[in-house]
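Asks: Just model-v5.csv, nothing more (CSV, C-alpha atoms and all ligand atoms):
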```
chain,number,residue,atom,x,y,z
C,1117,MET,CA,29.1,2.1,6.5
C,1118,LYS,CA,25.9,1.6,8.5
C,1119,GLU,CA,24.5,-1.9,8.7
C,1120,HIS,CA,21.6,-1.1,6.5
C,1121,THR,CA,23.8,0.5,4.0
C,1122,ILE,CA,25.8,-2.7,3.4
C,1123,LYS,CA,22.6,-4.8,3.2
C,1124,LEU,CA,21.1,-2.4,0.7
C,1125,ALA,CA,24.3,-2.4,-1.4
C,1126,ILE,CA,24.3,-6.2,-1.4
C,1127,LEU,CA,20.7,-6.2,-2.6
C,1128,LYS,CA,21.6,-3.7,-5.3
C,1129,ALA,CA,24.4,-5.9,-6.5
C,1130,LEU,CA,22.1,-9.0,-6.5
C,1131,SER,CA,19.3,-7.2,-8.1
C,1132,ARG,CA,21.1,-7.5,-11.5
C,1133,GLY,CA,20.1,-11.2,-11.2
C,1134,ASP,CA,23.5,-12.9,-11.4
C,1135,PHE,CA,25.2,-15.2,-8.9
C,1136,ILE,CA,27.7,-13.4,-6.7
C,1137,SER,CA,30.0,-15.2,-4.4
C,1138,GLY,CA,30.4,-14.4,-0.7
C,1139,GLU,CA,34.1,-13.7,-1.4
C,1140,GLU,CA,33.4,-11.2,-4.1
C,1141,LEU,CA,30.8,-9.4,-2.0
C,1142,GLY,CA,33.2,-9.4,1.0
C,1143,GLU,CA,36.0,-7.8,-1.2
C,1144,GLN,CA,33.6,-5.3,-2.6
C,1145,PHE,CA,32.6,-4.0,0.9
C,1146,GLY,CA,35.8,-4.7,2.7
C,1147,ILE,CA,34.3,-7.3,5.1
C,1148,SER,CA,34.7,-11.0,5.8
C,1149,ARG,CA,32.6,-13.8,4.1
C,1150,ALA,CA,31.2,-14.5,7.6
C,1151,ALA,CA,30.0,-10.9,7.9
C,1152,ILE,CA,28.4,-11.2,4.4
C,1153,SER,CA,26.6,-14.3,5.5
C,1154,LYS,CA,25.3,-12.5,8.5
C,1155,HIS,CA,24.0,-9.6,6.3
C,1156,ILE,CA,22.4,-12.1,4.0
C,1157,LYS,CA,20.5,-13.6,7.0
C,1158,GLY,CA,19.4,-10.1,7.9
C,1159,ILE,CA,18.2,-9.4,4.3
C,1160,GLN,CA,16.2,-12.7,4.4
C,1161,ALA,CA,14.6,-11.5,7.6
C,1162,TRP,CA,13.3,-8.5,5.6
C,1163,GLY,CA,11.4,-11.1,3.5
C,1164,VAL,CA,13.7,-11.4,0.5
C,1165,ASP,CA,14.2,-14.9,-0.9
C,1166,ILE,CA,18.0,-15.4,-1.5
C,1167,PHE,CA,19.5,-18.8,-2.0
C,1168,ARG,CA,23.1,-20.0,-2.1
C,1169,VAL,CA,24.7,-22.6,-4.4
C,1170,GLN,CA,28.0,-24.1,-3.5
C,1171,GLY,CA,30.7,-22.8,-5.7
C,1172,LYS,CA,28.6,-20.1,-7.3
C,1173,GLY,CA,27.4,-17.9,-4.5
C,1174,TYR,CA,24.2,-16.0,-3.7
C,1175,GLN,CA,21.3,-15.3,-6.1
C,1176,LEU,CA,17.8,-13.8,-5.7
C,1177,SER,CA,14.9,-16.2,-6.2
C,1178,ASN,CA,12.9,-13.5,-7.8
C,1179,PRO,CA,14.1,-10.4,-9.7
C,1180,LEU,CA,14.0,-7.2,-7.8
C,1181,GLN,CA,13.5,-3.7,-9.2
C,1182,LEU,CA,14.4,-1.2,-6.5
C,1183,LEU,CA,12.8,2.2,-6.1
C,1184,ASP,CA,15.1,5.0,-7.2
C,1185,GLU,CA,14.8,8.4,-5.4
C,1186,ALA,CA,16.6,10.2,-8.3
C,1187,VAL,CA,14.0,8.9,-10.8
C,1188,LEU,CA,11.1,9.7,-8.5
C,1189,LYS,CA,12.4,13.3,-7.9
C,1190,SER,CA,13.1,13.9,-11.6
C,1191,GLN,CA,9.5,13.2,-12.5
C,1192,LEU,CA,7.6,14.7,-9.5
C,1193,THR,CA,7.2,18.3,-8.4
C,1194,CYS,CA,6.3,17.5,-4.8
C,1195,ALA,CA,8.7,16.8,-1.9
C,1196,VAL,CA,9.6,13.1,-2.0
C,1197,GLU,CA,11.7,11.0,0.3
C,1198,LEU,CA,12.7,7.4,-0.2
C,1199,ILE,CA,13.7,5.7,3.1
C,1200,PRO,CA,14.4,2.1,2.2
C,1201,ILE,CA,14.1,0.7,5.7
C,1202,ILE,CA,11.6,2.3,8.0
C,1203,ASP,CA,9.2,1.5,10.8
C,1204,SER,CA,6.2,3.0,9.1
C,1205,THR,CA,5.9,5.6,6.3
C,1206,ASN,CA,2.7,6.9,7.9
C,1207,GLN,CA,4.5,7.3,11.3
C,1208,TYR,CA,7.4,9.0,9.6
C,1209,LEU,CA,5.2,11.7,8.1
C,1210,LEU,CA,3.0,12.0,11.2
C,1211,ASP,CA,6.2,12.9,13.2
C,1212,ARG,CA,6.9,15.7,10.8
C,1213,VAL,CA,3.6,17.3,9.9
C,1214,ASP,CA,4.8,20.7,11.1
C,1215,GLU,CA,7.7,20.8,8.5
C,1216,LEU,CA,5.8,19.3,5.6
C,1217,GLU,CA,4.1,20.9,2.6
C,1218,SER,CA,0.8,19.5,1.6
C,1219,GLY,CA,1.3,16.7,-1.0
C,1220,ALA,CA,4.7,15.6,0.4
C,1221,VAL,CA,5.4,11.9,0.0
C,1222,CYS,CA,7.5,9.2,1.7
C,1223,LEU,CA,8.2,5.8,0.2
C,1224,ALA,CA,9.9,2.7,1.6
C,1225,GLU,CA,11.1,-0.7,0.5
C,1226,TYR,CA,10.5,-2.4,3.9
C,1227,GLN,CA,8.5,-1.5,6.9
C,1228,ALA,CA,9.4,-3.0,10.3
C,1229,LYS,CA,6.1,-1.8,11.8
C,1230,GLY,CA,3.7,-1.3,8.9
C,1231,ARG,CA,0.2,-0.9,10.2
C,1232,GLY,CA,-3.3,-1.2,9.1
C,1233,ARG,CA,-6.6,0.0,10.6
C,1234,ARG,CA,-7.1,-0.4,14.3
C,1235,GLY,CA,-3.5,-1.1,15.0
C,1236,ARG,CA,-3.4,-4.3,12.9
C,1237,GLU,CA,-0.1,-5.2,11.2
C,1238,TRP,CA,0.5,-4.5,7.6
C,1239,VAL,CA,2.9,-7.2,6.3
C,1240,SER,CA,5.7,-5.3,4.4
C,1241,PRO,CA,8.4,-7.5,3.0
C,1242,PHE,CA,11.3,-5.8,1.2
C,1243,GLY,CA,11.2,-4.7,-2.4
C,1244,SER,CA,8.2,-6.6,-3.6
C,1245,ASN,CA,5.4,-4.2,-2.9
C,1246,LEU,CA,4.6,-0.4,-2.7
C,1247,TYR,CA,4.5,1.3,0.7
C,1248,MET,CA,3.7,5.0,0.3
C,1249,SER,CA,2.4,7.8,2.5
C,1250,MET,CA,1.3,11.3,1.5
C,1251,PHE,CA,0.8,14.3,3.8
C,1252,TRP,CA,-2.3,16.4,3.0
C,1253,ARG,CA,-3.5,19.5,4.8
C,1254,LEU,CA,-7.3,19.4,4.4
C,1255,ASP,CA,-8.7,23.0,4.8
C,1256,ALA,CA,-12.2,21.6,5.2
C,1257,GLY,CA,-11.2,20.1,8.5
C,1258,MET,CA,-11.8,16.7,10.1
C,1259,ALA,CA,-15.4,16.3,9.1
C,1260,ALA,CA,-14.3,15.9,5.4
C,1261,ALA,CA,-11.7,13.3,6.2
C,1262,MET,CA,-14.0,10.2,5.8
C,1263,GLY,CA,-15.0,11.3,2.3
C,1264,LEU,CA,-11.4,11.9,1.4
C,1265,SER,CA,-10.3,8.4,2.4
C,1266,LEU,CA,-12.9,7.0,-0.1
C,1267,VAL,CA,-11.7,9.4,-2.8
C,1268,VAL,CA,-8.2,8.0,-2.4
C,1269,GLY,CA,-9.4,4.5,-3.2
C,1270,VAL,CA,-11.2,5.6,-6.3
C,1271,ALA,CA,-8.2,7.6,-7.5
C,1272,ILE,CA,-5.8,4.6,-7.1
C,1273,VAL,CA,-8.1,2.1,-8.9
C,1274,GLU,CA,-8.5,4.7,-11.7
C,1275,ALA,CA,-4.8,5.1,-11.9
C,1276,LEU,CA,-4.4,1.4,-12.3
C,1277,GLU,CA,-7.0,1.4,-15.1
C,1278,GLU,CA,-5.1,4.2,-16.9
C,1279,LEU,CA,-2.1,1.8,-16.9
C,1280,GLY,CA,-4.3,-0.9,-18.4
C,1281,LEU,CA,-4.6,-2.8,-15.1
C,1282,ASN,CA,-8.3,-3.7,-15.0
C,1283,GLU,CA,-10.7,-5.6,-12.7
C,1284,VAL,CA,-9.4,-4.1,-9.5
C,1285,LYS,CA,-12.4,-3.2,-7.2
C,1286,LEU,CA,-13.1,-1.3,-3.9
C,1287,LYS,CA,-14.2,-2.6,-0.6
C,1288,TRP,CA,-15.7,0.0,1.7
C,1289,PRO,CA,-14.1,1.9,3.3
C,1290,ASN,CA,-10.5,1.5,2.5
C,1291,ASP,CA,-9.4,-1.6,0.6
C,1292,LEU,CA,-8.6,-2.5,-3.0
C,1293,TYR,CA,-9.7,-6.0,-4.0
C,1294,TYR,CA,-8.8,-8.3,-6.9
C,1295,GLN,CA,-11.0,-11.4,-7.4
C,1296,ASP,CA,-12.3,-11.1,-3.9
C,1297,ARG,CA,-8.8,-11.0,-2.3
C,1298,LYS,CA,-7.1,-8.0,-0.7
C,1299,LEU,CA,-4.7,-6.3,-3.1
C,1300,ALA,CA,-4.1,-3.0,-1.2
C,1301,GLY,CA,-5.1,-1.2,1.9
C,1302,ILE,CA,-5.4,2.5,2.7
C,1303,LEU,CA,-4.9,4.1,6.1
C,1304,VAL,CA,-5.8,7.7,6.8
C,1305,GLU,CA,-4.4,9.1,10.0
C,1306,MET,CA,-4.8,12.5,11.6
C,1307,SER,CA,-2.3,14.6,13.5
C,1308,GLY,CA,-4.5,17.2,15.1
C,1309,GLN,CA,-5.7,20.4,13.5
C,1310,ALA,CA,-3.9,23.6,12.5
C,1311,GLY,CA,-6.5,26.3,12.7
C,1312,GLY,CA,-9.6,24.8,11.0
C,1313,ALA,CA,-7.5,22.6,8.8
C,1314,ALA,CA,-6.8,18.9,9.4
C,1315,ASN,CA,-3.3,17.4,9.1
C,1316,LEU,CA,-3.8,14.1,7.4
C,1317,VAL,CA,-1.4,11.3,6.5
C,1318,ILE,CA,-2.7,9.0,3.8
C,1319,GLY,CA,-0.9,5.7,3.6
C,1320,MET,CA,-1.2,3.0,1.0
C,1321,GLY,CA,0.3,-0.5,0.9
C,1322,MET,CA,-0.2,-2.4,-2.4
C,1323,ASN,CA,1.1,-5.9,-3.1
C,1324,LEU,CA,3.0,-6.0,-6.4
C,1325,MET,CA,4.8,-9.3,-6.5
C,1326,MET,CA,4.7,-10.7,-3.0
C,1327,SER,CA,6.0,-14.2,-2.5
C,1328,GLU,CA,3.3,-16.9,-2.0
C,1329,GLN,CA,5.4,-18.0,1.1
C,1330,THR,CA,4.8,-14.7,2.8
C,1331,GLU,CA,3.6,-15.3,6.4
C,1332,GLY,CA,1.4,-13.4,8.8
C,1333,ILE,CA,-1.5,-12.3,6.6
C,1334,THR,CA,-4.8,-13.4,8.1
C,1335,GLN,CA,-7.1,-13.2,5.0
C,1336,PRO,CA,-6.9,-14.0,1.3
C,1337,TRP,CA,-4.7,-11.6,-0.6
C,1338,ALA,CA,-3.6,-10.8,-4.2
C,1339,SER,CA,-0.7,-9.1,-6.0
C,1340,LEU,CA,-0.8,-6.7,-8.8
C,1341,SER,CA,1.4,-9.1,-10.9
C,1342,GLU,CA,-1.7,-11.2,-11.2
C,1343,VAL,CA,-3.7,-8.3,-12.6
C,1344,ALA,CA,-0.8,-7.5,-14.9
C,1345,ASN,CA,-0.7,-11.1,-16.1
C,1346,GLU,CA,2.8,-11.5,-17.7
C,1347,ARG,CA,3.3,-7.8,-18.3
C,1348,SER,CA,6.1,-6.4,-16.1
C,1349,ILE,CA,5.4,-3.5,-13.7
C,1350,ASP,CA,7.8,-0.7,-13.4
C,1351,ARG,CA,7.7,0.1,-9.6
C,1352,ASN,CA,9.0,3.7,-10.0
C,1353,GLN,CA,6.6,4.5,-12.8
C,1354,LEU,CA,3.7,3.0,-10.8
C,1355,ALA,CA,4.6,5.1,-7.8
C,1356,ILE,CA,4.8,8.3,-9.9
C,1357,THR,CA,1.4,7.6,-11.5
C,1358,MET,CA,-0.2,7.0,-8.1
C,1359,ILE,CA,1.3,10.1,-6.6
C,1360,ASN,CA,0.2,12.4,-9.5
C,1361,THR,CA,-3.3,10.8,-9.6
C,1362,LEU,CA,-3.7,11.3,-5.8
C,1363,HIS,CA,-2.6,14.9,-6.0
C,1364,LYS,CA,-5.3,15.6,-8.6
C,1365,ALA,CA,-8.1,13.6,-6.8
C,1366,LEU,CA,-7.4,15.3,-3.5
C,1367,SER,CA,-7.4,18.8,-5.1
C,1368,ASP,CA,-10.7,17.9,-6.9
C,1369,TYR,CA,-12.2,16.7,-3.7
C,1370,GLU,CA,-11.2,20.0,-1.9
C,1371,LEU,CA,-12.8,22.0,-4.7
C,1372,TYR,CA,-16.0,20.0,-5.5
C,1373,GLY,CA,-16.5,17.6,-2.6
C,1374,MET,CA,-17.8,14.0,-2.9
C,1375,ALA,CA,-20.4,14.8,-5.5
C,1376,GLY,CA,-18.4,13.5,-8.5
C,1377,PHE,CA,-17.0,10.6,-6.6
C,1378,VAL,CA,-20.1,8.6,-5.6
C,1379,GLU,CA,-20.8,7.3,-9.1
C,1380,ARG,CA,-17.1,6.6,-9.6
C,1381,TRP,CA,-17.0,4.6,-6.4
C,1382,ASN,CA,-20.2,2.6,-7.2
C,1383,ARG,CA,-18.8,1.6,-10.6
C,1384,LEU,CA,-15.9,0.0,-8.8
C,1385,ASP,CA,-17.6,-1.4,-5.7
C,1386,ASN,CA,-16.6,-5.0,-5.3
C,1387,PHE,CA,-19.8,-5.9,-3.4
C,1388,LEU,CA,-22.4,-3.9,-5.3
C,1389,GLY,CA,-25.6,-5.9,-5.4
C,1390,ARG,CA,-24.1,-8.7,-3.4
C,1391,PRO,CA,-25.1,-10.0,0.1
C,1392,ILE,CA,-22.8,-8.6,2.8
C,1393,LYS,CA,-22.7,-8.2,6.5
C,1394,LEU,CA,-21.6,-5.1,8.5
C,1395,ILE,CA,-19.8,-5.9,11.7
C,1396,MET,CA,-20.0,-3.3,14.4
C,1397,GLY,CA,-18.6,-4.6,17.7
C,1398,PRO,CA,-21.0,-7.3,18.9
C,1399,ARG,CA,-23.6,-6.3,16.3
C,1400,GLU,CA,-23.9,-7.8,12.8
C,1401,ILE,CA,-26.3,-6.6,10.1
C,1402,THR,CA,-26.9,-8.5,6.9
C,1403,GLY,CA,-28.2,-7.1,3.6
C,1404,ILE,CA,-27.5,-6.4,0.0
C,1405,ALA,CA,-24.7,-3.8,-0.7
C,1406,ARG,CA,-26.0,-0.7,-2.6
C,1407,GLY,CA,-22.8,1.3,-2.8
C,1408,ILE,CA,-22.1,4.6,-1.0
C,1409,ASN,CA,-23.9,7.9,-0.5
C,1410,GLU,CA,-22.6,11.5,-0.7
C,1411,GLN,CA,-21.5,11.4,3.0
C,1412,GLY,CA,-19.4,8.4,2.2
C,1413,ALA,CA,-21.6,6.0,4.2
C,1414,VAL,CA,-22.1,2.5,3.0
C,1415,ILE,CA,-25.7,1.7,1.9
C,1416,LEU,CA,-27.3,-1.5,2.9
C,1417,GLU,CA,-30.7,-2.9,1.8
C,1418,THR,CA,-32.2,-5.0,4.6
C,1419,ASN,CA,-35.7,-6.4,5.3
C,1420,GLN,CA,-36.3,-3.1,7.0
C,1421,GLY,CA,-35.5,-1.1,3.9
C,1422,ILE,CA,-32.5,1.1,2.9
C,1423,GLU,CA,-30.1,2.2,5.6
C,1424,ALA,CA,-26.8,4.1,5.5
C,1425,PHE,CA,-23.9,3.3,7.9
C,1426,ILE,CA,-20.8,5.3,8.6
C,1427,GLY,CA,-17.9,5.1,11.1
C,1428,GLY,CA,-14.4,3.8,11.5
C,1429,GLU,CA,-15.4,0.9,13.7
C,1430,ILE,CA,-17.5,-0.9,10.9
C,1431,SER,CA,-16.1,-3.9,9.1
C,1432,LEU,CA,-17.7,-5.0,5.8
C,1433,ARG,CA,-17.6,-8.7,4.9
C,1434,SER,CA,-19.2,-11.0,2.4
C,1435,ALA,CA,-22.3,-12.5,3.9
C,1436,ASN,CA,-21.2,-15.9,2.6
C,1437,ASN,CA,-18.0,-16.1,4.8
P,1,LIG,P1,-11.7,-4.0,8.1
P,1,LIG,O1,-10.8,-2.8,8.4
P,1,LIG,O2,-12.9,-3.6,7.3
P,1,LIG,O3,-12.0,-4.9,9.3
P,1,LIG,P2,-9.6,-5.7,7.1
P,1,LIG,O4,-10.0,-7.1,7.6
P,1,LIG,O5,-9.1,-5.7,5.7
P,1,LIG,O6,-10.9,-4.8,7.0
P,1,LIG,P3,-7.6,-3.9,8.0
P,1,LIG,O7,-7.3,-3.5,9.4
P,1,LIG,O8,-8.1,-2.9,7.0
P,1,LIG,O9,-8.7,-5.1,8.1
P,1,LIG,O10,-6.3,-4.6,7.4
P,1,LIG,C1,-5.6,-5.5,8.1
P,1,LIG,C2,-5.8,-6.9,7.5
P,1,LIG,O11,-5.0,-6.9,6.3
P,1,LIG,C3,-5.4,-8.0,8.4
P,1,LIG,O12,-6.3,-9.1,8.1
P,1,LIG,C4,-4.0,-8.4,7.8
P,1,LIG,O13,-3.7,-9.8,8.0
P,1,LIG,C5,-4.2,-8.1,6.4
P,1,LIG,N1,-2.9,-7.8,5.8
P,1,LIG,C6,-1.7,-7.4,6.4
P,1,LIG,N2,-0.8,-7.2,5.4
P,1,LIG,C7,-1.3,-7.5,4.2
P,1,LIG,C8,-0.8,-7.4,2.9
P,1,LIG,N3,0.4,-7.1,2.6
P,1,LIG,N4,-1.7,-7.7,1.9
P,1,LIG,C9,-3.0,-8.0,2.2
P,1,LIG,N5,-3.5,-8.1,3.4
P,1,LIG,C10,-2.7,-7.8,4.4
P,2,LIG,C1,-5.4,-1.5,5.9
P,2,LIG,O1,-5.9,-2.1,5.0
P,2,LIG,O2,-5.7,-1.7,7.1
P,2,LIG,C2,-4.5,-0.3,5.6
P,2,LIG,C3,-3.1,-0.7,5.3
P,2,LIG,C4,-2.2,0.5,5.1
P,2,LIG,C5,-0.8,0.1,4.9
P,2,LIG,C6,0.1,1.3,4.5
P,2,LIG,S1,1.7,0.8,3.9
P,2,LIG,C7,2.2,2.5,3.9
P,2,LIG,C8,1.6,3.1,5.1
P,2,LIG,N1,2.4,2.9,6.3
P,2,LIG,C9,1.8,2.2,7.2
P,2,LIG,O3,2.3,1.8,8.3
P,2,LIG,N2,0.6,1.8,6.8
P,2,LIG,C10,0.3,2.4,5.5
```
Can you present the structure in this file as structure tokens?

Replies:
Amino acid sequence: MKEHTIKLAILKALSRGDFISGEELGEQFGISRAAISKHIKGIQAWGVDIFRVQGKGYQLSNPLQLLDEAVLKSQLTCAVELIPIIDSTNQYLLDRVDELESGAVCLAEYQAKGRGRRGREWVSPFGSNLYMSMFWRLDAGMAAAMGLSLVVGVAIVEALEELGLNEVKLKWPNDLYYQDRKLAGILVEMSGQAGGAANLVIGMGMNLMMSEQTEGITQPWASLSEVANERSIDRNQLAITMINTLHKALSDYELYGMAGFVERWNRLDNFLGRPIKLIMGPREITGIARGINEQGAVILETNQGIEAFIGGEISLRSANN
């Protein structure tokens, strides 16, 4: 068995919630207790909280519901791959754009090199969040990609609302927020053009039940479990709903453009009517957020009047921070 295979099998055994002794695990996989202990350390390095009680064995600190490729495949019509341990789901699809059909999806339980905008790290502990990428061939070409990335945010928040998960908002251009903290991030990357069409990979990382002890995140963050407030979240069903909603929103965008999405975005805009600043390299502009326009630009009301700003290098922040 490959190293990952044993770690994943140990996790599956532990995910039932009971204590399991090192001896029992060793017997199950035909390896020594010392080898099991080494695997447990490796699993902990993926960000899973496991503890050991003398005489009882190992147990997970928090329950784990693993993604199940068979369940995903049985309820989706698109190509879907679950690769539990991966560098980055976005990179995986970007490396394969020539073989993929539009709409194909890759999911993971852990990313060793999850990334955000501008090469920043996306912290991706095992099993507690959703890491998902979708390949989309956009016939309208590169110029339409900016609008598309906003449409993805709208679609995901609306999917959450359909599941009864309310109060999630959008931060231009690509973040989902809950109570002014980052819940999810979207990263749209391009792999050249085929004819006039643009090959896009749309990645989304959403925190579901991330441990408070998680390190390495440089801004306030939230988990969907807070939004769900006591209700449990079925990770497989959540992924299926997201994928279906995304397919529909992306097709609608291709047919009708941004027109229908501006109002939908503005209803969900976390900063609408609030003082914000736009950071563009050394330059900062402060004003009141007025939502987005049909080009997908962020609208700012300043002392000079109403201005629209667009471009990947802009960062939006509350003016009060
Ligand atoms: P902008 O792109 O507008 O500057 P941003 O500060 O959110 O916004 P991004 O590059 O979009 O920056 O995202 C990276 C940020 O997200 C970093 O601050 C990083 O610490 C944070 N981050 C990384 N992993 C997570 C996570 N799992 N949950 C929430 N935030 C995270
Ligand atoms: C951001 O807010 O900067 C965007 C974060 C995007 C993270 C997701 S997780 C799935 C996909 N794979 C990656 O490496 N990144 C995206």

Asks: Which of these, C:Leu1264, C:Ala1413, C:Ala1338, C:Val1239, has the shortest distance to ligand LIG 2 (chain P) once you count all atoms listed in the file?

Replies: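 Counting all atoms listed in the file, the residue closest to ligand LIG 2 (chain P) is C:Val1239.
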
Asks: At a cut-off of 9 Å, using only C-alpha atoms, what residues contact segment 1151-1160 of chain C? Leave out same-chain residues fewer than 5 positions from it and give the result as a list in words.

Replies: Glu1119, His1120, Ile1122, Lys1123, Leu1124, Ile1126, Leu1127, Gly1138, Glu1139, Leu1141, Gly1142, Asp1165, Ile1166, Tyr1174 and Phe1242 of chain C

Asks: Counting all atoms listed in the file, which of C:Ile1395, C:Ala1344, C:Ile1272, C:Leu1366 gets nearest to ligand LIG 1 (chain P)?

Replies: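 Checking each of C:Ile1395, C:Ala1344, C:Ile1272, C:Leu1366 against ligand LIG 1 (chain P), counting all atoms listed in the file, the winner is C:Ile1395.
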
Asks: As an exercise, work out the distance from atom CA of Thr1205 of chain C to atom CA of Gly1232 of chain C in Å and give it to one decimal place.

Replies: 11.8 Å

Asks: Here's a test: counting all atoms listed in the file, identify every protein, DNA and RNA residue with an atom at most 9 Å from (-6.2, 16.2, 6.1) in the file's coordinate frame, and state them as a PyMOL selection string.

Replies: chain C and resi 1218+1251-1258+1260-1261+1264+1304-1307+1309+1313-1318

Asks: Selected residues, C-alpha atoms, written as a PDB file, in the coordinates of the input, please.

Replies:
```pdb
ATOM      1  CA  SER C1218       0.800  19.500   1.600  1.00  0.00           C
ATOM      2  CA  PHE C1251       0.800  14.300   3.800  1.00  0.00           C
ATOM      3  CA  TRP C1252      -2.300  16.400   3.000  1.00  0.00           C
ATOM      4  CA  ARG C1253      -3.500  19.500   4.800  1.00  0.00           C
ATOM      5  CA  LEU C1254      -7.300  19.400   4.400  1.00  0.00           C
ATOM      6  CA  ASP C1255      -8.700  23.000   4.800  1.00  0.00           C
ATOM      7  CA  ALA C1256     -12.200  21.600   5.200  1.00  0.00           C
ATOM      8  CA  GLY C1257     -11.200  20.100   8.500  1.00  0.00           C
ATOM      9  CA  MET C1258     -11.800  16.700  10.100  1.00  0.00           C
ATOM     10  CA  ALA C1260     -14.300  15.900   5.400  1.00  0.00           C
ATOM     11  CA  ALA C1261     -11.700  13.300   6.200  1.00  0.00           C
ATOM     12  CA  LEU C1264     -11.400  11.900   1.400  1.00  0.00           C
ATOM     13  CA  VAL C1304      -5.800   7.700   6.800  1.00  0.00           C
ATOM     14  CA  GLU C1305      -4.400   9.100  10.000  1.00  0.00           C
ATOM     15  CA  MET C1306      -4.800  12.500  11.600  1.00  0.00           C
ATOM     16  CA  SER C1307      -2.300  14.600  13.500  1.00  0.00           C
ATOM     17  CA  GLN C1309      -5.700  20.400  13.500  1.00  0.00           C
ATOM     18  CA  ALA C1313      -7.500  22.600   8.800  1.00  0.00           C
ATOM     19  CA  ALA C1314      -6.800  18.900   9.400  1.00  0.00           C
ATOM     20  CA  ASN C1315      -3.300  17.400   9.100  1.00  0.00           C
ATOM     21  CA  LEU C1316      -3.800  14.100   7.400  1.00  0.00           C
ATOM     22  CA  VAL C1317      -1.400  11.300   6.500  1.00  0.00           C
ATOM     23  CA  ILE C1318      -2.700   9.000   3.800  1.00  0.00           C
TER      24      ILE C1318
END
```
